[in-house]
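Data block below; observations after.
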There are 2 protein chains.
Amino acid sequence: METLKEMIRKEGIVLSDDVLKVDAFLNHQIYPQLMQAIGEEFAKRFDGEKITKIITIESSGIAPALMTGLMLDVPVIFARKRKSLTLTDNLYTAKVYSFTKRTESEISVSKEFLSKDDSILVIDDFLANGQALLGLQRIIEQAGARMVGAGIVIEKGFQKGGDTLRKKGIRVESLAIIQSLKNREIIFANE
Amino acid sequence: METLKEMIRKEGIVLSDDVLKVDAFLNHQIYPQLMQAIGEEFAKRFDGEKITKIITIESSGIAPALMTGLMLDVPVIFARKRKSLTLTDNLYTAKVYSFTKRTESEISVSKEFLSKDDSILVIDDFLANGQALLGLQRIIEQAGARMVGAGIVIEKGFQKGGDTLRKKGIRVESLAIIQSLKNREIIFANE
């Protein structure tokens with residue numbers, strides 16, 4: 001997706017060989033028009049698939065997921081990273097290890113919003129080691145629902161998440177795949 | 001906003017005299033079309049005001065804030081509740097006490113996304129005791145920016161936040177004001 005790649009080139013900051021900071025338009029400040037274009041692109045790529053719900057993880061997945069949900073006219077669920085007082089039981093849960101934050105967290109989705117009849121599209125901002133997506137897949141499995149695929153805004157192609165998921169037969173659509181961040185330079189795949 | 005009130009009546013669950021659970025359409029599952037209507041309503045109410053940015057707090061504020069930002073064509077910033085590894089310094093911060101969760105957390109916004117020339121609309125999902133909004137106001141003050149007002153999806157009119165903010169001269173626009181949740185019954189104000 002060219003507009004996204006342009007934005008990454010313009011606003012992305014390479015912090016190390018494997019950390020790209022896109023706080024300027026995705027992870028802290030959000031550009032709504034870009035999110036709308038991202039939603040349109042995911043809707044186009046998954047056109048023809050039966051999708052009844054979208055799942056993402058708070059917080060940075062919410063904007064692209066919401067815009068995709070708006071295009072497809074389906075509800076969006078954001079998995080929570082911690083339990084809150086108003087959401088204590090009746091949950092599907094999965095443990096997720098974050099390599100960036102070096103912490104394990106539990107993500108959860110209320111059982112009342114997922115059923116075995118659901119066909120679910122997963123949307124997330126980043127795909128690196130795939131831990132978050134595998135956690136969401138386990139939650140979808142627990143509900144007996146079908147996972148249609150995963151829409152990723154930025155995939156780190158040099159980390160193993162994309163391969164892991166695709167080898168499991170999951171359809172992964174990434175709008176920008178980064179091949180390398182070495183020498184503080186952003187190189188996209190397939191170019 | 002009548003469509004919102006209907007949704008609250010239909011999907012809202014009163015957990016106690018002061019806790020209303022709206023996980024079905026706002027705080028866990030999100031209805032994108034409703035969020036779009038909410039964004040349109042906020043844009044209409046603040047029409048004529050100069051607004052350069054929107055600020056909210058992760059996670060539940062993101063959806064209504066994003067849709068308002070889409071309508072007004074301005075960037076949306078979500079304040080973070082905890083510091084992350086890729087966002088460690090150069091922050092405006094404020095401590096916020098949550099009566100629901102009974103915890104104090106620190107919210108933060110990167111200095112690079114706020115300037116003294118900004119005119120900022122604050123959007124949030126709930127207004128109860130006003131702690132979150134007062135925290136955002138302190139952050140906006142630290143940046144030397146102007147706070148245009150606050151757009152709230154659901155105000156608990158029986159708690160003190162709305163009064164506190166309005167007495168400070170802050171323009172607060174709430175799309176649904178709840179007068180009482182007593183006896184598990186949802187009573188809206190001004191009806």
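Residues in the structure tokens are numbered from 1 in each chain, the chains being A, B, ... in the order shown, and ligands are numbered from 1 in the order shown.
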
Proximal residues of chain A relative to chain B (only C-alpha atoms; 9 Å) as a PyMOL selection string: chain A and resi 15+19-21+23-25+27-33+35-36+55+58-60+62-63+66-71+73-80+84-87+100-101+109-110+112-113

Shell around Val96 in chain B at 8 Å using only C-alpha atoms, local window under 5 positions removed, as a count of residues only: 7

Residues flagged strand (DSSP E or B) by DSSP in range 31-163 of chain A, as a ChimeraX atom specification: /A:53-57,76-80,84,87,91-98,103-110,119-127,146-156

DSSP helix (DSSP H, G or I) selection over range 7-168 of chain B, as a ChimeraX atom specification: /B:7-11,23-27,32-45,62-72,111-113,131-142,161-167

Neighbours of Asp47 in chain B within 12 Å (only C-alpha atoms; same-chain residues fewer than 3 positions away dropped), as a compact mmCIF listing (two decimals) with C-alpha atoms, in the first residue's frame?
```
# COMPACT_ATOMS: atom_id res chain seq x y z
CA GLY B 39 -18.08 11.42 15.43
CA GLU B 40 -20.53 13.32 13.24
CA GLU B 41 -22.42 14.57 16.29
CA PHE B 42 -19.27 15.84 18.02
CA ALA B 43 -18.15 17.53 14.79
CA LYS B 44 -21.57 19.23 14.57
CA LYS B 50 -10.90 26.11 15.61
CA ILE B 51 -9.66 22.58 16.36
CA THR B 68 -14.46 12.71 15.27
CA MET B 71 -14.98 14.25 10.36
CA LEU B 72 -12.84 17.25 11.36
CA LEU B 121 -10.71 18.96 21.59
CA VAL B 148 -11.47 23.94 23.12
CA GLY B 149 -13.72 21.67 25.16
```

Who sits within 10 Å of Ile170 in chain B, only C-alpha atoms, same chain under 3 positions skipped, as a PDB file with all heavy atoms, in the first residue's frame:
```
ATOM      1  N   GLN B 137      -6.406  17.872  30.767  1.00  0.00           N
ATOM      2  CA  GLN B 137      -6.314  19.338  30.806  1.00  0.00           C
ATOM      3  C   GLN B 137      -4.933  19.786  31.290  1.00  0.00           C
ATOM      4  O   GLN B 137      -4.344  20.717  30.738  1.00  0.00           O
ATOM      5  CB  GLN B 137      -7.402  19.909  31.722  1.00  0.00           C
ATOM      6  CG  GLN B 137      -7.501  21.435  31.622  1.00  0.00           C
ATOM      7  CD  GLN B 137      -8.187  22.068  32.831  1.00  0.00           C
ATOM      8  OE1 GLN B 137      -8.145  21.538  33.934  1.00  0.00           O
ATOM      9  NE2 GLN B 137      -8.800  23.205  32.611  1.00  0.00           N
ATOM     10  N   MET B 147      -7.422  24.367  25.273  1.00  0.00           N
ATOM     11  CA  MET B 147      -8.417  23.292  25.306  1.00  0.00           C
ATOM     12  C   MET B 147      -9.760  23.878  24.851  1.00  0.00           C
ATOM     13  O   MET B 147     -10.326  24.740  25.522  1.00  0.00           O
ATOM     14  CB  MET B 147      -8.520  22.712  26.718  1.00  0.00           C
ATOM     15  CG  MET B 147      -9.531  21.574  26.833  1.00  0.00           C
ATOM     16  SD  MET B 147      -9.364  20.729  28.430  1.00  0.00           S
ATOM     17  CE  MET B 147     -10.864  19.739  28.457  1.00  0.00           C
ATOM     18  N   VAL B 148     -10.236  23.418  23.703  1.00  0.00           N
ATOM     19  CA  VAL B 148     -11.474  23.943  23.122  1.00  0.00           C
ATOM     20  C   VAL B 148     -12.682  23.480  23.931  1.00  0.00           C
ATOM     21  O   VAL B 148     -13.645  24.219  24.126  1.00  0.00           O
ATOM     22  CB  VAL B 148     -11.607  23.450  21.657  1.00  0.00           C
ATOM     23  CG1 VAL B 148     -12.959  23.835  21.069  1.00  0.00           C
ATOM     24  CG2 VAL B 148     -10.459  23.991  20.813  1.00  0.00           C
ATOM     25  N   GLY B 149     -12.620  22.241  24.409  1.00  0.00           N
ATOM     26  CA  GLY B 149     -13.725  21.670  25.159  1.00  0.00           C
ATOM     27  C   GLY B 149     -13.580  20.167  25.228  1.00  0.00           C
ATOM     28  O   GLY B 149     -12.543  19.619  24.829  1.00  0.00           O
ATOM     29  N   ALA B 150     -14.627  19.525  25.734  1.00  0.00           N
ATOM     30  CA  ALA B 150     -14.603  18.072  25.887  1.00  0.00           C
ATOM     31  C   ALA B 150     -15.885  17.477  25.318  1.00  0.00           C
ATOM     32  O   ALA B 150     -16.988  17.952  25.620  1.00  0.00           O
ATOM     33  CB  ALA B 150     -14.458  17.697  27.357  1.00  0.00           C
ATOM     34  N   GLY B 162     -18.871  16.287  35.698  1.00  0.00           N
ATOM     35  CA  GLY B 162     -19.451  17.287  34.806  1.00  0.00           C
ATOM     36  C   GLY B 162     -19.499  18.668  35.439  1.00  0.00           C
ATOM     37  O   GLY B 162     -19.071  19.661  34.846  1.00  0.00           O
ATOM     38  N   ASP B 163     -19.993  18.730  36.693  1.00  0.00           N
ATOM     39  CA  ASP B 163     -20.056  19.999  37.417  1.00  0.00           C
ATOM     40  C   ASP B 163     -18.673  20.614  37.595  1.00  0.00           C
ATOM     41  O   ASP B 163     -18.466  21.807  37.358  1.00  0.00           O
ATOM     42  CB  ASP B 163     -20.673  19.785  38.814  1.00  0.00           C
ATOM     43  CG  ASP B 163     -22.192  19.833  38.760  1.00  0.00           C
ATOM     44  OD1 ASP B 163     -22.735  20.125  37.668  1.00  0.00           O
ATOM     45  OD2 ASP B 163     -22.820  19.582  39.802  1.00  0.00           O
ATOM     46  N   THR B 164     -17.736  19.775  38.035  1.00  0.00           N
ATOM     47  CA  THR B 164     -16.373  20.251  38.287  1.00  0.00           C
ATOM     48  C   THR B 164     -15.791  20.905  37.043  1.00  0.00           C
ATOM     49  O   THR B 164     -15.229  22.007  37.101  1.00  0.00           O
ATOM     50  CB  THR B 164     -15.463  19.067  38.704  1.00  0.00           C
ATOM     51  OG1 THR B 164     -16.060  18.405  39.816  1.00  0.00           O
ATOM     52  CG2 THR B 164     -14.066  19.524  39.061  1.00  0.00           C
ATOM     53  N   LEU B 165     -15.942  20.225  35.905  1.00  0.00           N
ATOM     54  CA  LEU B 165     -15.348  20.736  34.674  1.00  0.00           C
ATOM     55  C   LEU B 165     -16.051  22.004  34.206  1.00  0.00           C
ATOM     56  O   LEU B 165     -15.406  22.977  33.818  1.00  0.00           O
ATOM     57  CB  LEU B 165     -15.407  19.669  33.577  1.00  0.00           C
ATOM     58  CG  LEU B 165     -14.560  18.418  33.838  1.00  0.00           C
ATOM     59  CD1 LEU B 165     -14.921  17.308  32.857  1.00  0.00           C
ATOM     60  CD2 LEU B 165     -13.072  18.739  33.718  1.00  0.00           C
ATOM     61  N   ARG B 166     -17.387  21.999  34.250  1.00  0.00           N
ATOM     62  CA  ARG B 166     -18.136  23.174  33.774  1.00  0.00           C
ATOM     63  C   ARG B 166     -17.858  24.390  34.660  1.00  0.00           C
ATOM     64  O   ARG B 166     -17.767  25.511  34.172  1.00  0.00           O
ATOM     65  CB  ARG B 166     -19.638  22.842  33.704  1.00  0.00           C
ATOM     66  CG  ARG B 166     -19.970  21.845  32.569  1.00  0.00           C
ATOM     67  CD  ARG B 166     -21.462  21.510  32.472  1.00  0.00           C
ATOM     68  NE  ARG B 166     -21.711  20.533  31.401  1.00  0.00           N
ATOM     69  CZ  ARG B 166     -21.904  19.219  31.576  1.00  0.00           C
ATOM     70  NH1 ARG B 166     -21.887  18.711  32.800  1.00  0.00           N
ATOM     71  NH2 ARG B 166     -22.108  18.425  30.547  1.00  0.00           N
ATOM     72  N   LYS B 167     -17.697  24.166  35.961  1.00  0.00           N
ATOM     73  CA  LYS B 167     -17.383  25.279  36.867  1.00  0.00           C
ATOM     74  C   LYS B 167     -16.004  25.863  36.582  1.00  0.00           C
ATOM     75  O   LYS B 167     -15.728  27.018  36.874  1.00  0.00           O
ATOM     76  CB  LYS B 167     -17.445  24.804  38.330  1.00  0.00           C
ATOM     77  CG  LYS B 167     -18.863  24.867  38.904  1.00  0.00           C
ATOM     78  CD  LYS B 167     -18.904  24.410  40.350  1.00  0.00           C
ATOM     79  CE  LYS B 167     -20.346  24.141  40.786  1.00  0.00           C
ATOM     80  NZ  LYS B 167     -20.410  23.195  41.913  1.00  0.00           N
ATOM     81  N   GLU B 173     -19.597  18.761  26.187  1.00  0.00           N
ATOM     82  CA  GLU B 173     -20.729  18.299  25.390  1.00  0.00           C
ATOM     83  C   GLU B 173     -20.865  16.789  25.576  1.00  0.00           C
ATOM     84  O   GLU B 173     -20.008  16.025  25.139  1.00  0.00           O
ATOM     85  CB  GLU B 173     -20.504  18.608  23.905  1.00  0.00           C
ATOM     86  CG  GLU B 173     -20.531  20.078  23.567  1.00  0.00           C
ATOM     87  CD  GLU B 173     -21.945  20.669  23.545  1.00  0.00           C
ATOM     88  OE1 GLU B 173     -22.922  19.898  23.462  1.00  0.00           O
ATOM     89  OE2 GLU B 173     -22.052  21.914  23.593  1.00  0.00           O
TER      90      GLU B 173
END
```
